[in-house]
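Student: I have a structure I would like to understand better, so I am pasting it below and will then ask my questions one at a time.
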There are 2 protein chains.
Amino acid sequence: MATVCTPHTISPAAIVSSSPVRCSHSQSQLLFGSNFPNRRHHNPSLPISAPNLRAATKGRVLCSQNPNPTPTRRPDYVPNRISDPNYVRIFDTTLRDGEQSPGASLTSKEKLDIARQLAKLGVDIIEAGFPAASKDDFEAVKMIAKEVGNFVDKDGYVPVICGLSRCNEKDIKTAWEAVKYAKRPRIHTFIATSPIHMEHKLRKTKEQVIEIARSMVSYARSLGCQDVEFSPEDAGRSEKEFLYQILGEVIKAGATTLNIPDTVGYTVPTEFGQLIADIKSNTPGIDNVIISTHCQNDLGLSTANTLAGASRGARQLEVTINGIGERAGNASLEEVVMTLNCRGEHVLGGLYTGINPRHIYMTSKMVSEYTGMHVQPHKAIVGANAFAHESGIHQDGMLKDKRTYEIISPEDIGYDRSNEAGIVLGKLSGRHAVKKQLEQLGYELDDVQLETVFWRFKGVAEQKKRVTDADLRALVSDEVFQPEVVWKLHDLQVTCGTLGLSTATVKLIDADGREHIACSVGTGPVDSAYKAVDLIVKEPVTLVEYSMNAVTEGIDAIATTRVAIRVENSDMVTGEISQRTFSGIGAGMDIVVSSVKAYTGALNKMLGFKERFPLEIAAESAERTPVSA
Amino acid sequence: MATVCTPHTISPAAIVSSSPVRCSHSQSQLLFGSNFPNRRHHNPSLPISAPNLRAATKGRVLCSQNPNPTPTRRPDYVPNRISDPNYVRIFDTTLRDGEQSPGASLTSKEKLDIARQLAKLGVDIIEAGFPAASKDDFEAVKMIAKEVGNFVDKDGYVPVICGLSRCNEKDIKTAWEAVKYAKRPRIHTFIATSPIHMEHKLRKTKEQVIEIARSMVSYARSLGCQDVEFSPEDAGRSEKEFLYQILGEVIKAGATTLNIPDTVGYTVPTEFGQLIADIKSNTPGIDNVIISTHCQNDLGLSTANTLAGASRGARQLEVTINGIGERAGNASLEEVVMTLNCRGEHVLGGLYTGINPRHIYMTSKMVSEYTGMHVQPHKAIVGANAFAHESGIHQDGMLKDKRTYEIISPEDIGYDRSNEAGIVLGKLSGRHAVKKQLEQLGYELDDVQLETVFWRFKGVAEQKKRVTDADLRALVSDEVFQPEVVWKLHDLQVTCGTLGLSTATVKLIDADGREHIACSVGTGPVDSAYKAVDLIVKEPVTLVEYSMNAVTEGIDAIATTRVAIRVENSDMVTGEISQRTFSGIGAGMDIVVSSVKAYTGALNKMLGFKERFPLEIAAESAERTPVSA
């Protein structure tokens, strides 16, 4: 039996119904105006095809806590067209914009792992990086294109792999060289269009900017790339007439997706929605391409702006896991997707995505651990408290009926409380059990990596009765995803407390296997140990962040420590000084040991970077334009 | 010269102009419809009164980084009326809803300090707590009413002090007994109105619910309270016709503010805005009262929903500092206020608040330290990265023109980089200098407290060249705002590292001054120290969170450690088991020492609570209704 929701209110029955939920849409028409595409509802007699079925069952899947949502097929991928007007593509830019967060730099191995996880999640497009930025970036994008970009699942799904590039031939060529190995490669190119950016940053006239955009989109197509995205950077502050003009020109030149970035996070939802609607109404040729949103979060409105864009015609939404990114970050994938899943059918005109929400929690955990960008306890959907009804006064309602205070169940996003709380793994568990559990957690390790993790696991199991999922995750990030080793911690010995001076002795091994020993006093155990490390490594760095989270319950948990260090480079030619931040993580049951591992990890990352790109930073500030497209 | 902004775009000149910014408002009319109050603009010849001037200069104050915004008077306070239709009241519920976050329990002293800071910020209404919840809550609200609720500034501003109560005589009487000492006391009472809550939680009919609401509002007025707020809990999922009816009845009974909570954070902005507009159009007598919003953040939309409510007629917005609160929290004060400040004049019809944004950063810091609810680095406005333009690729634009990537400057919210980076305080600084700096940071300490902090300061200054603001803040929270001492750490001695078993010896002093010594081995230094503490204190608790942040730059920074422990109570009568979480913080240059201080702090809080309210938790789950009003 189909449940029909009445305008403005959702009947409780609709929330828990196990039958497909249908909506009269009088409300969405009212809220979003008549230009809202609503093909399915204008043709109620239309047979329900697979994607429609998916949309139609969305409310049921998420609100009834049905553990097995029927998997359905998303519309076939055609760059500039989507066969179902209600299907919204999710473009994840965690690996590009997210990685721009201070200190969030990822190694290639970490990037590949996240890309694999994004494919599991069902992201339509993965922006894997900015290939022209550095050799590392190039290699990471190429690796992702080859491995993740060719893994076609049984339903024919494979993510588009996208590379960012400025509007110049070198960048575009480099991006193509990196992404072309994917089954569905895309080039994303951008140039700023707001008066303030054109005048002060680009120092170019409108006509020059149009000409560059047009010719570079054309160039990208000429390389053989059928899927080209163009972004007018700072669109939120650009003149609308100019936007219609430049967008019309790049469509003629062959762009297939037009992304509209609110680069400084300046707009409010009605305003941003209006911008999308205006572009949709006024840009010549717009019906042949996909409109996309990219909303920064400076005023805390990115999720709402993104949804407003979708409700006014955008069919690609650019987001990041946990909402990370430059400054206050981007719209977060989990908020945008879960709002569409929970309310898409009722108040957002039937919009739906191809994301499988059950992988959200794992992906969030992985991104937070690899980037070191912690998620606050009250972060929507993925925060530690998001599903906590702990204060005595709420528990009463929850005991009587969960629906009183819970609109999404933790299981919907793959957060299984029983998994977190108590796990079967212990000191008698074998390799196979550990491997299986790791796979469940989203880690695909090769034999060598598994062997390393397994022996660490044994060490932990000796000391703890139960080894939890969180412990396992900490071990994996600590052992497998460390940067190339220049310095390795061999031994550490510390005394501290209120009764004497903190003293630490460290033994480090260098790349050639030589032992170095130093000791130092300090204001605390970590300070003294870091000072001892400094005596050996001799690199002038500033500690800009030091933080730690016990990742599991219990006092004997494995603590993950994160350290961010800043190093200054000065350009030999211009004398200009620039800075770069590197982070390292360490996991262990002794927080002083994990702190030192985190510190040597950050130093190794920094040294590896310095070796490969000694002038990178200086070159950047001299030549590069900013990317918040 | 007044700058007129064109529809849809803000000219760069408007952003940096030092003259008052005016707006044609064609856009806001377009976006929010014609029922949007816009008196000032409909009467352009109206003389600019003080509050109008404030609104008119808002764009200038915030976008030109003018260090001295002209202070202007807000409209006189009348409970059910605001003389300027564009003025929006800010109702802060950090001390009530914010404190409901798991583990965020605050001591009375901490609450008073936060209330003082909220008054500095210029909050119109402070919801100081839920007086009937416990004796502690009652005393805290009463103290805030007496002290903060009577401090009238030279412009006549004094915050309203509000106490929450369920719809029963005992709660309302208790709330009144606590708030009546304030110059402007308010009672806030609530009852659930959604079908799901009425049926499953209250087990009452619509008629019964209306009768309770009507009679209890009447009762509150009969006590002599002129300022009564009523909330239909879970309004976001209530039937609209029923809402109009119950709201109409409570208006007749004397309610002066009607708060519309989206209790489960279920709505999207257009939907919530429409709810407010519908209530405004359909509720009898609504023009004589103030409509308020209260938006939870479960889908990440609370800020947008709150603003949508304001744009459709709400003139009180309920928010918390840093957006803390039950589950994913509430709309955050800083996001709502800064959006109104930055864009109110341009796209929100001229709405403005009385908040002085220069106190935002300090307030955010204080709340995050006292509650232990960390703010993620990419949190809008107050996150550590909110103003960081660090990645090489953005620096170029910032160097050429700050406006390319910055819409709010850190100084606007009182975050002075130079203050954070390097401060004059050192080992030669005297009591006066320390006191002055503490005052600047928002701390008003009595002589005894100052003395304690000063000697700790001296200790730190002995070891560090510069004592930063962050160091000072850590010292204050550690020394002054600790719960009543049951157990005090006297001495600690730890050895750890990779070369042997971690071993800790602790000496604790009990309330009677007796020494207790114990030693233990453990998996790390903190584990062994905690185990030694457990041997002495003998309380069965579970560690649910352990985290730490180095609060300052540099390896020799003072680290603040936070610990949350959970304790289970079982009701002797029903046998029902309930849980409660307590947190403790510790600061010090030795992280093992600060970890132990945090742990004993949490234990002390728990023991103090147990002593005063042994059956509190059991009573709660048996009788209390949830409060997410």
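If you're wondering about the labels, chains in the structure tokens are A, B, ... by order shown, residues count from 1 in each chain, ligands from 1 in order shown.
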Fewer than 6 positions away in the same chain doesn't count, so skip those; otherwise give me all residues within 9 Å of Arg473 in chain A, counting only C-alpha atoms, as a ChimeraX atom specification.
Tutor: /A:365-366,369,438,441,443
Student: Can you tell me, as a PyMOL selection string, which residues in range 149-353 of chain A count as strand (DSSP E or B) by DSSP?
Tutor: chain A and resi 160-166+185-192+228-233+257-262+290-296+316-320+330+332+352
Student: At a cut-off of 7 Å, using only C-alpha atoms, what residues contact Gly149 in chain A? Leave out same-chain residues fewer than 3 positions from it and give the result as a list in words.
Tutor: Ile144, Ala145, Lys146, Val158, Pro159, Val160, Ile161, Ala182, Lys183 and Arg184 of chain A
Student: What does the file look like for those residues with C-alpha atoms, as a tab-separated table (two decimals), in the first residue's frame?
Tutor:
chain	number	residue	atom	x	y	z
A	144	ILE	CA	43.41	6.00	-8.91
A	145	ALA	CA	42.38	6.30	-12.58
A	146	LYS	CA	44.02	2.95	-13.35
A	158	VAL	CA	32.35	2.62	-12.21
A	159	PRO	CA	33.15	6.09	-10.89
A	160	VAL	CA	34.25	8.88	-13.19
A	161	ILE	CA	37.80	9.90	-12.29
A	182	ALA	CA	40.13	5.56	-16.31
A	183	LYS	CA	37.16	4.06	-18.09
A	184	ARG	CA	35.38	7.39	-17.58
Student: Taking into account only C-alpha atoms, which residue in the set B:Asp97, B:Glu211, B:Asp124, B:Glu451 is nearest to chain A?
Tutor: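 Smallest distance to chain A is found for B:Asp97.
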Student: Counting only C-alpha atoms, which of A:Gln245, A:Asn86, A:Gln376, A:Asn168 gets nearest to chain B?
Tutor: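 Once distances to chain B are computed over only C-alpha atoms, the minimum belongs to A:Gln376.
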Student: Just want the 10 Å neighbourhood of Leu202 in chain A, counted on only C-alpha atoms, with same-chain residues fewer than 2 positions away dropped. Output as a list in words.
Tutor: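 Residues near the query, excluding close chain neighbours: Ile191, Ala192, Thr193, Pro195, Ile196, His197, Met198, Glu199, His200, Lys204, Thr205, Val209 and Thr625 of chain A; Gly397 and Lys400 of chain B.
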Student: Mind checking which residues fall within 8 Å of range 228-236 of chain B, counting only C-alpha atoms, ignoring those fewer than 2 positions away in the same chain, and posting them as JSON, numbers by chain?
Tutor: {"B": [186, 187, 188, 189, 190, 191, 192, 193, 194, 197, 217, 220, 221, 225, 226, 238, 239, 243, 250, 254, 255, 256, 257, 258, 259, 260, 261, 262, 263, 264, 266, 267, 272, 275, 628, 629]}
Student: What does the distance from CA of Pro410 in chain B to CA of Glu345 in chain B come to in Å, to one decimal?
Tutor: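 For CA of Pro410 in chain B relative to CA of Glu345 in chain B, the distance reads 20.7 Å.
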Student: What does the structure give for the distance between CA of Asp469 in chain A and CA of Ala559 in chain A, in Å to one decimal?
Tutor: 13.3 Å
Student: Quick one: distance from CA of Trp455 in chain B to CA of Asp534 in chain B in Å, one decimal?
Tutor: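 CA of Asp534 in chain B lies at a distance of 29.7 Å from CA of Trp455 in chain B.
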Student: Please identify the helix (DSSP H, G or I) residues within range 136-347 of chain B (assignment by DSSP from backbone atoms) and present them as a PyMOL selection string.
Tutor: chain B and resi 136-150+169-179+195-202+206-222+235-237+240-253+269-282+286-288+302-311+321-323+333-347
Student: Leaving out Ile321 in chain A and any residue of its chain fewer than 4 positions from it, which residues lie within 6 Å of it when counting only C-alpha atoms, given as a list of chain:residue names?
Tutor: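 The neighbour list is A:Thr94, A:Ser332, A:Leu333.
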Student: Restricting the calculation to only C-alpha atoms: of B:Thr523, B:Gln437, B:Ser528, B:Ser108, which residue gets closest to chain A?
Tutor: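 Smallest separation from chain A among the options: B:Thr523.
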Student: List the neighbours of range 498-507 of chain A out to 10 Å using only C-alpha atoms; skip same-chain residues closer than 3 positions along the sequence, and give me the result as an MDAnalysis selection string.
Tutor: (chainID A and resid 488:495 510 515:533 535:536 592 596) or (chainID B and resid 489:498 506 590 592:593)
Student: Given only C-alpha atoms as the basis, pick out the residue of B:Gly300, B:Pro85, B:Gly588, B:Gly309 nearest to Thr270 in chain B.
Tutor: B:Gly309
Student: Name the closest residue to chain B among the candidates A:Glu177, A:Asp287, A:Glu271, A:Asp136; distances are taken between atoms, counting only C-alpha atoms.
Tutor: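 Result for the nearest residue to chain B: A:Glu271.
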Student: I need the residue nearest Tyr352 in chain B from this list: B:Ala386, B:Ile251, B:Val88, B:Ile408. Use only C-alpha atoms for the distance.
Tutor: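 Using only C-alpha atoms, Tyr352 in chain B sits closest to B:Val88.
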